[in-house]
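For reference, target_5.cif (mmCIF, C-alpha atoms and all ligand atoms):
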data_entry
loop_
_atom_site.label_atom_id
_atom_site.label_comp_id
_atom_site.auth_asym_id
_atom_site.auth_seq_id
_atom_site.Cartn_x
_atom_site.Cartn_y
_atom_site.Cartn_z
CA MET A 12 12.37 19.15 2.45
CA LEU A 13 12.20 17.91 6.02
CA THR A 14 15.34 16.70 7.76
CA TYR A 15 15.28 13.11 9.07
CA ASN A 16 15.11 14.49 12.57
CA GLN A 17 12.17 16.82 11.87
CA ALA A 18 10.33 14.04 10.10
CA PHE A 19 10.81 11.71 13.06
CA TYR A 20 9.34 14.17 15.59
CA GLU A 21 6.51 15.23 13.30
CA LEU A 22 5.45 11.64 12.67
CA LYS A 23 5.82 10.62 16.31
CA ASN A 24 3.61 13.53 17.43
CA LYS A 25 0.98 12.78 14.82
CA LEU A 26 0.83 9.15 15.94
CA GLN A 27 0.46 9.94 19.61
CA PRO A 28 -3.32 10.17 19.61
CA LEU A 29 -3.39 6.60 18.27
CA TYR A 30 -0.55 4.92 20.15
CA ASP A 31 1.30 5.43 23.43
CA GLU A 32 4.52 7.43 23.24
CA ARG A 33 6.93 4.49 23.13
CA GLU A 34 4.97 2.74 20.40
CA ALA A 35 4.58 5.97 18.39
CA ALA A 36 8.37 6.46 18.53
CA ALA A 37 9.03 2.85 17.49
CA ILE A 38 6.67 3.15 14.53
CA ALA A 39 8.20 6.49 13.47
CA HIS A 40 11.71 5.02 13.64
CA GLU A 41 10.73 1.99 11.61
CA ALA A 42 8.90 4.07 8.99
CA LEU A 43 11.96 6.33 8.58
CA HIS A 44 14.23 3.30 8.35
CA HIS A 45 12.07 2.05 5.50
CA ILE A 46 12.04 5.41 3.70
CA THR A 47 15.68 6.44 4.12
CA GLY A 48 17.36 3.02 4.29
CA PHE A 49 19.13 4.20 7.48
CA ASP A 50 18.42 2.74 10.89
CA LYS A 51 17.99 4.81 14.07
CA ILE A 52 21.72 5.04 14.91
CA GLN A 53 22.73 5.89 11.36
CA ARG A 54 20.10 8.63 11.28
CA LEU A 55 21.25 10.00 14.64
CA LEU A 56 24.70 10.46 13.14
CA GLN A 57 23.33 12.56 10.29
CA LYS A 58 20.60 14.54 12.02
CA GLU A 59 20.67 17.41 9.55
CA ALA A 60 20.35 15.24 6.45
CA SER A 61 17.17 15.92 4.46
CA PHE A 62 14.81 13.81 2.39
CA THR A 63 15.11 13.69 -1.38
CA SER A 64 11.89 14.78 -3.10
CA GLN A 65 10.96 11.15 -3.69
CA GLN A 66 11.51 10.29 -0.03
CA GLN A 67 9.46 13.32 1.00
CA LEU A 68 6.55 12.04 -1.09
CA GLN A 69 6.90 8.54 0.31
CA TYR A 70 6.95 10.04 3.81
CA GLU A 71 3.77 12.05 3.19
CA ASN A 72 1.95 8.95 1.94
CA ALA A 73 3.18 6.93 4.91
CA VAL A 74 2.02 9.63 7.37
CA GLU A 75 -1.42 9.68 5.81
CA SER A 76 -1.87 5.89 6.05
CA LEU A 77 -0.33 5.56 9.52
CA CYS A 78 -2.57 8.33 10.90
CA LEU A 79 -5.59 6.40 9.62
CA GLY A 80 -4.45 3.50 11.78
CA VAL A 81 -3.05 1.36 8.95
CA PRO A 82 -0.54 -1.04 10.54
CA LEU A 83 3.09 -0.21 9.80
CA GLN A 84 3.68 -3.57 8.12
CA TYR A 85 1.12 -2.75 5.42
CA VAL A 86 2.73 0.65 4.87
CA THR A 87 6.22 -0.81 4.46
CA GLY A 88 4.91 -4.00 2.81
CA SER A 89 7.08 -6.07 5.09
CA ALA A 90 6.76 -8.27 8.18
CA TRP A 91 9.18 -10.64 9.91
CA PHE A 92 8.49 -14.26 10.75
CA MET A 93 11.06 -16.72 12.13
CA GLY A 94 13.93 -14.49 11.03
CA ARG A 95 12.69 -14.01 7.45
CA GLU A 96 11.14 -11.00 5.81
CA TYR A 97 7.72 -11.50 4.18
CA TYR A 98 5.90 -9.27 1.74
CA VAL A 99 2.46 -8.41 3.15
CA ASN A 100 -0.51 -6.36 2.01
CA GLY A 101 -4.10 -5.85 3.18
CA ALA A 102 -5.15 -9.24 1.74
CA VAL A 103 -3.24 -11.13 4.46
CA LEU A 104 -2.97 -11.21 8.21
CA ILE A 105 0.28 -9.80 9.56
CA PRO A 106 2.25 -12.83 10.84
CA ARG A 107 2.29 -12.95 14.65
CA PRO A 108 5.04 -14.11 17.03
CA GLU A 109 2.55 -16.52 18.64
CA THR A 110 2.38 -18.38 15.32
CA GLU A 111 6.18 -18.72 15.37
CA GLU A 112 5.75 -20.72 18.55
CA LEU A 113 3.27 -23.05 16.84
CA VAL A 114 5.72 -23.64 13.97
CA ALA A 115 8.52 -24.22 16.51
CA TRP A 116 6.40 -26.96 18.17
CA ILE A 117 5.91 -28.71 14.80
CA LEU A 118 9.64 -28.55 14.09
CA GLU A 119 10.51 -29.80 17.56
CA ASP A 120 8.35 -32.90 16.93
CA ASN A 121 9.32 -33.56 13.33
CA LYS A 122 12.89 -32.39 12.80
CA ALA A 123 14.38 -35.84 13.41
CA ASN A 124 11.86 -37.48 11.09
CA LYS A 125 13.72 -38.61 7.98
CA GLN A 126 10.54 -39.58 6.07
CA PRO A 127 9.28 -37.07 3.52
CA LEU A 128 6.35 -35.78 5.58
CA GLN A 129 3.10 -34.88 3.88
CA VAL A 130 1.93 -31.60 5.40
CA LEU A 131 -1.25 -29.54 4.96
CA ASP A 132 -1.63 -25.94 6.17
CA ILE A 133 -5.21 -24.65 6.24
CA GLY A 134 -5.48 -20.87 5.74
CA THR A 135 -2.31 -19.73 3.97
CA GLY A 136 -2.34 -15.95 4.54
CA SER A 137 1.14 -14.58 3.86
CA GLY A 138 2.46 -18.14 3.59
CA CYS A 139 4.48 -17.79 6.78
CA ILE A 140 3.61 -21.26 8.14
CA PRO A 141 4.11 -23.42 5.01
CA ILE A 142 7.23 -21.51 3.89
CA SER A 143 8.87 -21.80 7.33
CA LEU A 144 8.09 -25.52 7.40
CA LYS A 145 9.40 -26.16 3.91
CA LEU A 146 12.65 -24.29 4.55
CA ALA A 147 13.23 -26.19 7.80
CA LEU A 148 12.07 -29.58 6.45
CA PRO A 149 13.19 -29.57 2.81
CA GLU A 150 12.08 -33.19 2.26
CA ALA A 151 8.50 -32.45 3.28
CA VAL A 152 5.75 -32.16 0.68
CA ILE A 153 3.74 -29.13 1.70
CA THR A 154 0.27 -28.13 0.54
CA THR A 155 -1.59 -25.06 1.68
CA CYS A 156 -5.09 -23.77 0.95
CA ASP A 157 -6.91 -20.49 1.32
CA ILE A 158 -10.27 -19.15 0.19
CA SER A 159 -8.71 -15.80 -0.67
CA VAL A 160 -7.19 -15.36 -4.12
CA GLY A 161 -5.42 -12.22 -2.88
CA ALA A 162 -3.79 -14.13 -0.01
CA LEU A 163 -2.66 -16.92 -2.34
CA GLU A 164 -1.04 -14.32 -4.61
CA VAL A 165 0.92 -12.89 -1.67
CA ALA A 166 1.96 -16.33 -0.43
CA LYS A 167 3.07 -17.43 -3.91
CA LYS A 168 5.17 -14.32 -4.24
CA ASN A 169 6.82 -15.02 -0.86
CA ALA A 170 7.37 -18.71 -1.67
CA LYS A 171 9.00 -17.80 -4.99
CA HIS A 172 11.21 -15.20 -3.39
CA MET A 173 12.33 -17.60 -0.66
CA GLU A 174 12.60 -20.54 -3.05
CA ALA A 175 10.19 -22.73 -1.10
CA GLU A 176 8.37 -25.27 -3.24
CA ILE A 177 4.75 -25.49 -2.07
CA ASN A 178 1.45 -26.70 -3.57
CA PHE A 179 -1.27 -24.05 -3.41
CA GLU A 180 -5.03 -24.75 -3.49
CA GLN A 181 -7.74 -22.15 -3.68
CA MET A 182 -10.74 -23.51 -1.77
CA ASP A 183 -13.32 -22.84 0.92
CA PHE A 184 -12.34 -25.25 3.68
CA LEU A 185 -15.80 -24.97 5.30
CA ASP A 186 -17.32 -26.47 2.16
CA THR A 187 -16.69 -30.15 2.90
CA ALA A 188 -17.52 -31.06 -0.70
CA GLN A 189 -14.17 -29.51 -1.60
CA HIS A 190 -12.16 -31.70 0.77
CA ASN A 191 -11.65 -34.27 -1.98
CA LYS A 192 -9.16 -31.81 -3.54
CA LEU A 193 -6.88 -32.72 -0.63
CA ALA A 194 -4.94 -35.91 0.19
CA ILE A 195 -3.84 -37.74 3.36
CA TYR A 196 -1.33 -35.98 5.63
CA ASP A 197 1.13 -36.69 8.43
CA VAL A 198 0.84 -33.15 9.74
CA ILE A 199 -2.17 -30.84 9.48
CA VAL A 200 -1.66 -27.32 10.75
CA SER A 201 -3.94 -24.32 10.92
CA ASN A 202 -4.18 -20.85 12.35
CA PRO A 203 -7.82 -20.45 11.36
CA PRO A 204 -10.11 -17.45 11.73
CA TYR A 205 -11.53 -17.72 15.24
CA ILE A 206 -13.31 -14.52 16.14
CA PRO A 207 -17.11 -14.71 15.94
CA VAL A 208 -18.61 -11.68 14.19
CA ASN A 209 -20.60 -10.86 17.33
CA GLU A 210 -17.29 -10.38 19.22
CA LYS A 211 -15.90 -7.95 16.63
CA GLU A 212 -16.04 -5.08 19.11
CA ARG A 213 -13.37 -6.60 21.37
CA ILE A 214 -10.73 -6.25 18.64
CA HIS A 215 -8.47 -3.18 18.42
CA THR A 216 -9.61 -0.91 15.54
CA ASN A 217 -6.12 -1.03 14.15
CA VAL A 218 -6.58 -4.76 13.50
CA LYS A 219 -10.34 -4.81 12.87
CA ASP A 220 -10.38 -2.01 10.30
CA HIS A 221 -7.26 -2.91 8.37
CA GLU A 222 -6.48 -6.62 8.58
CA PRO A 223 -8.59 -8.90 6.35
CA GLY A 224 -11.95 -9.84 7.87
CA LEU A 225 -11.84 -13.20 6.09
CA ALA A 226 -8.70 -14.14 8.05
CA LEU A 227 -9.98 -12.94 11.43
CA PHE A 228 -13.69 -13.62 11.66
CA VAL A 229 -15.68 -16.81 11.39
CA PRO A 230 -18.69 -16.49 9.12
CA SER A 231 -21.12 -17.29 11.98
CA ASP A 232 -21.51 -16.80 15.72
CA ASP A 233 -19.77 -20.13 16.37
CA ALA A 234 -16.12 -19.46 17.27
CA LEU A 235 -15.28 -23.14 16.76
CA VAL A 236 -16.66 -23.61 13.27
CA PHE A 237 -13.20 -24.03 11.67
CA TYR A 238 -11.99 -26.36 14.43
CA LYS A 239 -15.12 -28.50 13.91
CA ALA A 240 -14.36 -28.69 10.19
CA ILE A 241 -10.73 -29.60 11.00
CA THR A 242 -11.74 -32.43 13.36
CA LEU A 243 -14.04 -33.88 10.69
CA PHE A 244 -11.38 -33.48 8.02
CA GLY A 245 -8.73 -35.14 10.20
CA ASN A 246 -11.03 -38.13 10.56
CA GLU A 247 -10.55 -38.91 6.88
CA HIS A 248 -7.31 -37.14 5.99
CA LEU A 249 -4.87 -37.66 8.88
CA ASN A 250 -2.43 -40.55 8.72
CA SER A 251 -2.39 -42.87 11.73
CA ASN A 252 0.16 -41.41 14.17
CA GLY A 253 -0.11 -38.09 12.36
CA TYR A 254 -0.60 -34.85 14.26
CA ILE A 255 -2.92 -31.88 14.00
CA TYR A 256 -1.59 -28.55 15.28
CA CYS A 257 -3.84 -25.51 15.67
CA GLU A 258 -3.47 -21.98 16.88
CA LEU A 259 -6.19 -21.03 19.36
CA ASP A 260 -7.93 -18.04 20.79
CA ALA A 261 -7.06 -18.16 24.50
CA GLY A 262 -10.72 -17.56 25.36
CA HIS A 263 -11.81 -20.73 23.56
CA ALA A 264 -8.84 -23.02 24.31
CA MET A 265 -10.66 -25.32 26.74
CA ASP A 266 -13.65 -25.62 24.40
CA CYS A 267 -11.30 -26.55 21.55
CA LYS A 268 -9.60 -29.19 23.67
CA ALA A 269 -12.98 -30.67 24.61
CA LEU A 270 -14.08 -30.56 20.96
CA PHE A 271 -11.07 -32.59 19.80
CA GLU A 272 -11.50 -35.10 22.63
CA GLN A 273 -15.20 -35.57 21.90
CA ALA A 274 -14.40 -36.03 18.21
CA GLY A 275 -12.24 -39.06 19.07
CA TYR A 276 -8.78 -37.50 19.17
CA ARG A 277 -6.18 -38.65 21.71
CA ASN A 278 -3.20 -37.00 23.43
CA VAL A 279 -4.91 -33.64 23.06
CA GLU A 280 -2.43 -31.19 24.51
CA ILE A 281 -2.71 -27.43 24.78
CA ARG A 282 0.20 -25.05 25.35
CA LYS A 283 0.57 -21.46 26.45
CA ASP A 284 2.34 -18.81 24.38
CA MET A 285 5.08 -16.50 25.68
CA HIS A 286 2.43 -14.18 27.15
CA GLY A 287 0.97 -17.00 29.22
CA ASN A 288 -2.17 -17.38 27.08
CA TRP A 289 -3.43 -20.81 26.00
CA ARG A 290 -2.61 -20.56 22.34
CA MET A 291 -1.74 -23.90 20.74
CA LEU A 292 -3.22 -27.36 20.49
CA ARG A 293 -1.77 -30.67 19.30
CA ALA A 294 -3.80 -33.83 18.80
CA GLN A 295 -3.59 -37.34 17.34
CA PHE A 296 -6.44 -39.33 15.93
CA GLY A 297 -7.73 -42.77 16.79
N1 LIG B 301 -1.52 -18.89 8.43
C1 LIG B 301 -1.51 -17.46 8.30
C2 LIG B 301 -0.92 -16.83 9.55
O1 LIG B 301 -0.83 -17.48 10.57
C3 LIG B 301 -2.90 -16.91 8.04
C4 LIG B 301 -3.84 -17.11 9.17
C5 LIG B 301 -5.23 -16.58 8.85
O2 LIG B 301 -5.41 -15.94 7.82
N2 LIG B 301 -6.16 -16.84 9.73
O3 LIG B 301 -0.53 -15.68 9.50
#

Represent the structure contained in this file as structure tokens.
Amino acid sequence: MLTYNQAFYELKNKLQPLYDEREAAAIAHEALHHITGFDKIQRLLQKEASFTSQQQLQYENAVESLCLGVPLQYVTGSAWFMGREYYVNGAVLIPRPETEELVAWILEDNKANKQPLQVLDIGTGSGCIPISLKLALPEAVITTCDISVGALEVAKKNAKHMEAEINFEQMDFLDTAQHNKLAIYDVIVSNPPYIPVNEKERIHTNVKDHEPGLALFVPSDDALVFYKAITLFGNEHLNSNGYIYCELDAGHAMDCKALFEQAGYRNVEIRKDMHGNWRMLRAQFG
């Protein structure tokens, strides 16, 4: 059996063709934390400790997946969002810190609101947006929809585990005939797919080859197709004084802003994320 220390260096070296040294070390540490239950410091204190046979097997499987470029979160089945741990698998996008900023904006605007808000999240994924909102705004009635049955299964599992009561709908949001399944909302939020298939090449293989295409790519060459559907939907399904919040691709932020303005929205505001990229939009209708 390998010692923890040997396993760390072996994995780090094997990952170095794929990642830079610092990232390879961080991934190796996190993978060993997952396998052994000991964090970096605890493992440093017991350098000569060895794997059990079960841990050795788990390690070998992890090495195989990680060397194929599978993101660490899919290997450990876990990702963090707003201080909570979510179960994730290949059916869902790994929650991103940029999306935490979008949720923070919604909470900033609505925390003081004592009314039971009606909220819709379009594109559930792991459930990170609706679950975070429900846990911060327990009075809110939250509905979320996704086309992917696999994603809805993951989100339901997370919602159950975190005791967040949420309504789930399986539907194709681009099929407007299905919009009658949905009601009228005070807050509509979405982190929709926004990468046109013809721009697939600009995405890191690590993401492109392992995260779900349905969650990343729009089914046409029009990067704005989901935002167009959202503006039309908001027309009928957003309460007066309600807000729409969307996550954006920095490259299309200005086009999205113009789209909402042309569709009759007011107070269309875009914000940058912590990396200085235009990433979020908020709009009101009418
Ligand atoms: N809302 C989920 C997230 O932000 C899923 C987004 C998506 O699948 N496009 O992680």

Exercise for the section: Choose the residue, out of A:Leu131, A:Asp183, A:Leu146, A:Glu109, that has the smallest atom-to-atom separation from Asn288 (chain A); count all atoms listed in the file. Expected result: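 The shortest atom-to-atom distance to Asn288 (chain A) comes from A:Glu109.
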
Practice task
May I ask you to write as a count of residues only all residues lying at most 7 Å from ligand LIG 301 (chain B), with only C-alpha atoms and all ligand atoms counted?
Solution key: 19

Completion exercise
Between A:Ala294, A:Ala42, A:Ala240, A:Leu22, smallest distance to Gly275 (chain A) by only C-alpha atoms belongs to A:Ala294

Which residues of region 203-281 of chain A sit at most 9 Å from region 76-94 of chain A, using only C-alpha atoms? Give each one's shortest atom pair and distance in Å (one decimal place), in chain and ascending residue order, as a Markdown table.
| residue | atom | partner | partner_atom | distance |
| --- | --- | --- | --- | --- |
| A:Thr216 | CA | A:Gly80 | CA | 7.8 |
| A:Asn217 | CA | A:Gly80 | CA | 5.4 |
| A:Val218 | CA | A:Pro82 | CA | 7.7 |
| A:Asp220 | CA | A:Val81 | CA | 8.2 |
| A:His221 | CA | A:Val81 | CA | 6.0 |
| A:Glu222 | CA | A:Pro82 | CA | 8.4 |

Practice task
Mind checking which residues fall within 10 Å of Phe296 (chain A), counting only C-alpha atoms, ignoring those fewer than 3 positions away in the same chain, and posting them as a VMD selection string?
Solution key: chain A and resid 242 245 to 247 249 to 255 271 to 272 274 to 279

Those same residues, written as a compact mmCIF listing (two decimals), in the coordinates of the input with C-alpha atoms?
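New file out.txt:
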# COMPACT_ATOMS: atom_id res chain seq x y z
CA THR A 242 -11.74 -32.43 13.36
CA GLY A 245 -8.73 -35.14 10.20
CA ASN A 246 -11.03 -38.13 10.56
CA GLU A 247 -10.55 -38.91 6.88
CA LEU A 249 -4.87 -37.66 8.88
CA ASN A 250 -2.43 -40.55 8.72
CA SER A 251 -2.39 -42.87 11.73
CA ASN A 252 0.16 -41.41 14.17
CA GLY A 253 -0.11 -38.09 12.36
CA TYR A 254 -0.60 -34.85 14.26
CA ILE A 255 -2.92 -31.88 14.00
CA PHE A 271 -11.07 -32.59 19.80
CA GLU A 272 -11.50 -35.10 22.63
CA ALA A 274 -14.40 -36.03 18.21
CA GLY A 275 -12.24 -39.06 19.07
CA TYR A 276 -8.78 -37.50 19.17
CA ARG A 277 -6.18 -38.65 21.71
CA ASN A 278 -3.20 -37.00 23.43
CA VAL A 279 -4.91 -33.64 23.06

Exercise for the section: Mind giving me the straight-line distance from CA of Val99 (chain A) to CA of Leu68 (chain A) in Å, one decimal? Expected result: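 CA of Val99 (chain A) sits 21.3 Å away from CA of Leu68 (chain A).
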
Practice task
Have a look at A:Arg54, A:Gln67, A:Ala102, A:Ile153 and name the one nearest to Leu13 (chain A); count all atoms listed in the file.
Solution key: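 Of all the options, A:Gln67 lies closest to Leu13 (chain A).
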
Problem - Pick from A:Leu235, A:Cys156, A:Met12, A:Ala35, whichever lies nearest to Ser64 (chain A) using all atoms listed in the file - result: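 Among the listed residues, the smallest separation from Ser64 (chain A) belongs to A:Met12.
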
Problem - Straight-line distance linking CA of Phe228 (chain A) with CA of Val208 (chain A), stated in Å to one decimal - result: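 Answer for the CA of Phe228 (chain A) to CA of Val208 (chain A) separation: 5.9 Å.
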
Exercise for the section: Record the distance separating CA of His44 (chain A) and CA of Asn16 (chain A), expressed in Å with one decimal. Expected result: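 Those two atoms sit 12.0 Å apart.
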
Fill in the blank from the handout: Across A:Ile38, A:Ile241, A:Val152, A:Ala147, the smallest distance to Gln126 (chain A), with all atoms listed in the file counted, is shown by A:Val152

Handout entry: Long-range neighbours of Met285 (chain A) as an NGL selection string, 10 Å cut-off, only C-alpha atoms, 5 positions minimum in chain
Key = :A and (108-109 or 112 or 290)

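Comparing the minimum interatomic distances between Leu55 (chain A) and each of A:Asn72, A:Tyr196, A:Thr187, A:Tyr15, counting only C-alpha atoms, we find that A:Tyr15 sits nearest.
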
Practice task
For Ala261 (chain A), please output as a list in words all residues within 12 Å (counting all atoms listed in the file; exclusion window: fewer than 6 positions along the same chain).
Solution key: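 The filter keeps Glu109, Tyr205, Ile206, Ala234, Cys267, Lys268, Ile281, Arg282, Lys283, Asp284, His286, Gly287, Asn288, Trp289, Arg290, Met291 and Leu292 of chain A.
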
Practice task
Select all residues near (-17.8, -10.9, 20.9) (cut-off 12 Å, inclusive, file coordinates), counting all atoms listed in the file, and output them as a list in words.
Solution key: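 Checked against the point, the hits come out as Tyr205, Ile206, Pro207, Val208, Asn209, Glu210, Lys211, Glu212, Arg213, Ile214, Phe228, Val229, Ser231, Asp232, Asp233, Ala234, Gly262 and His263 of chain A.
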
Writing out the chosen residues with C-alpha atoms as a tab-separated table (two decimals), in the frame of the given file:
chain	number	residue	atom	x	y	z
A	205	TYR	CA	-11.53	-17.72	15.24
A	206	ILE	CA	-13.31	-14.52	16.14
A	207	PRO	CA	-17.11	-14.71	15.94
A	208	VAL	CA	-18.61	-11.68	14.19
A	209	ASN	CA	-20.60	-10.86	17.33
A	210	GLU	CA	-17.29	-10.38	19.22
A	211	LYS	CA	-15.90	-7.95	16.63
A	212	GLU	CA	-16.04	-5.08	19.11
A	213	ARG	CA	-13.37	-6.60	21.37
A	214	ILE	CA	-10.73	-6.25	18.64
A	228	PHE	CA	-13.69	-13.62	11.66
A	229	VAL	CA	-15.68	-16.81	11.39
A	231	SER	CA	-21.12	-17.29	11.98
A	232	ASP	CA	-21.51	-16.80	15.72
A	233	ASP	CA	-19.77	-20.13	16.37
A	234	ALA	CA	-16.12	-19.46	17.27
A	262	GLY	CA	-10.72	-17.56	25.36
A	263	HIS	CA	-11.81	-20.73	23.56
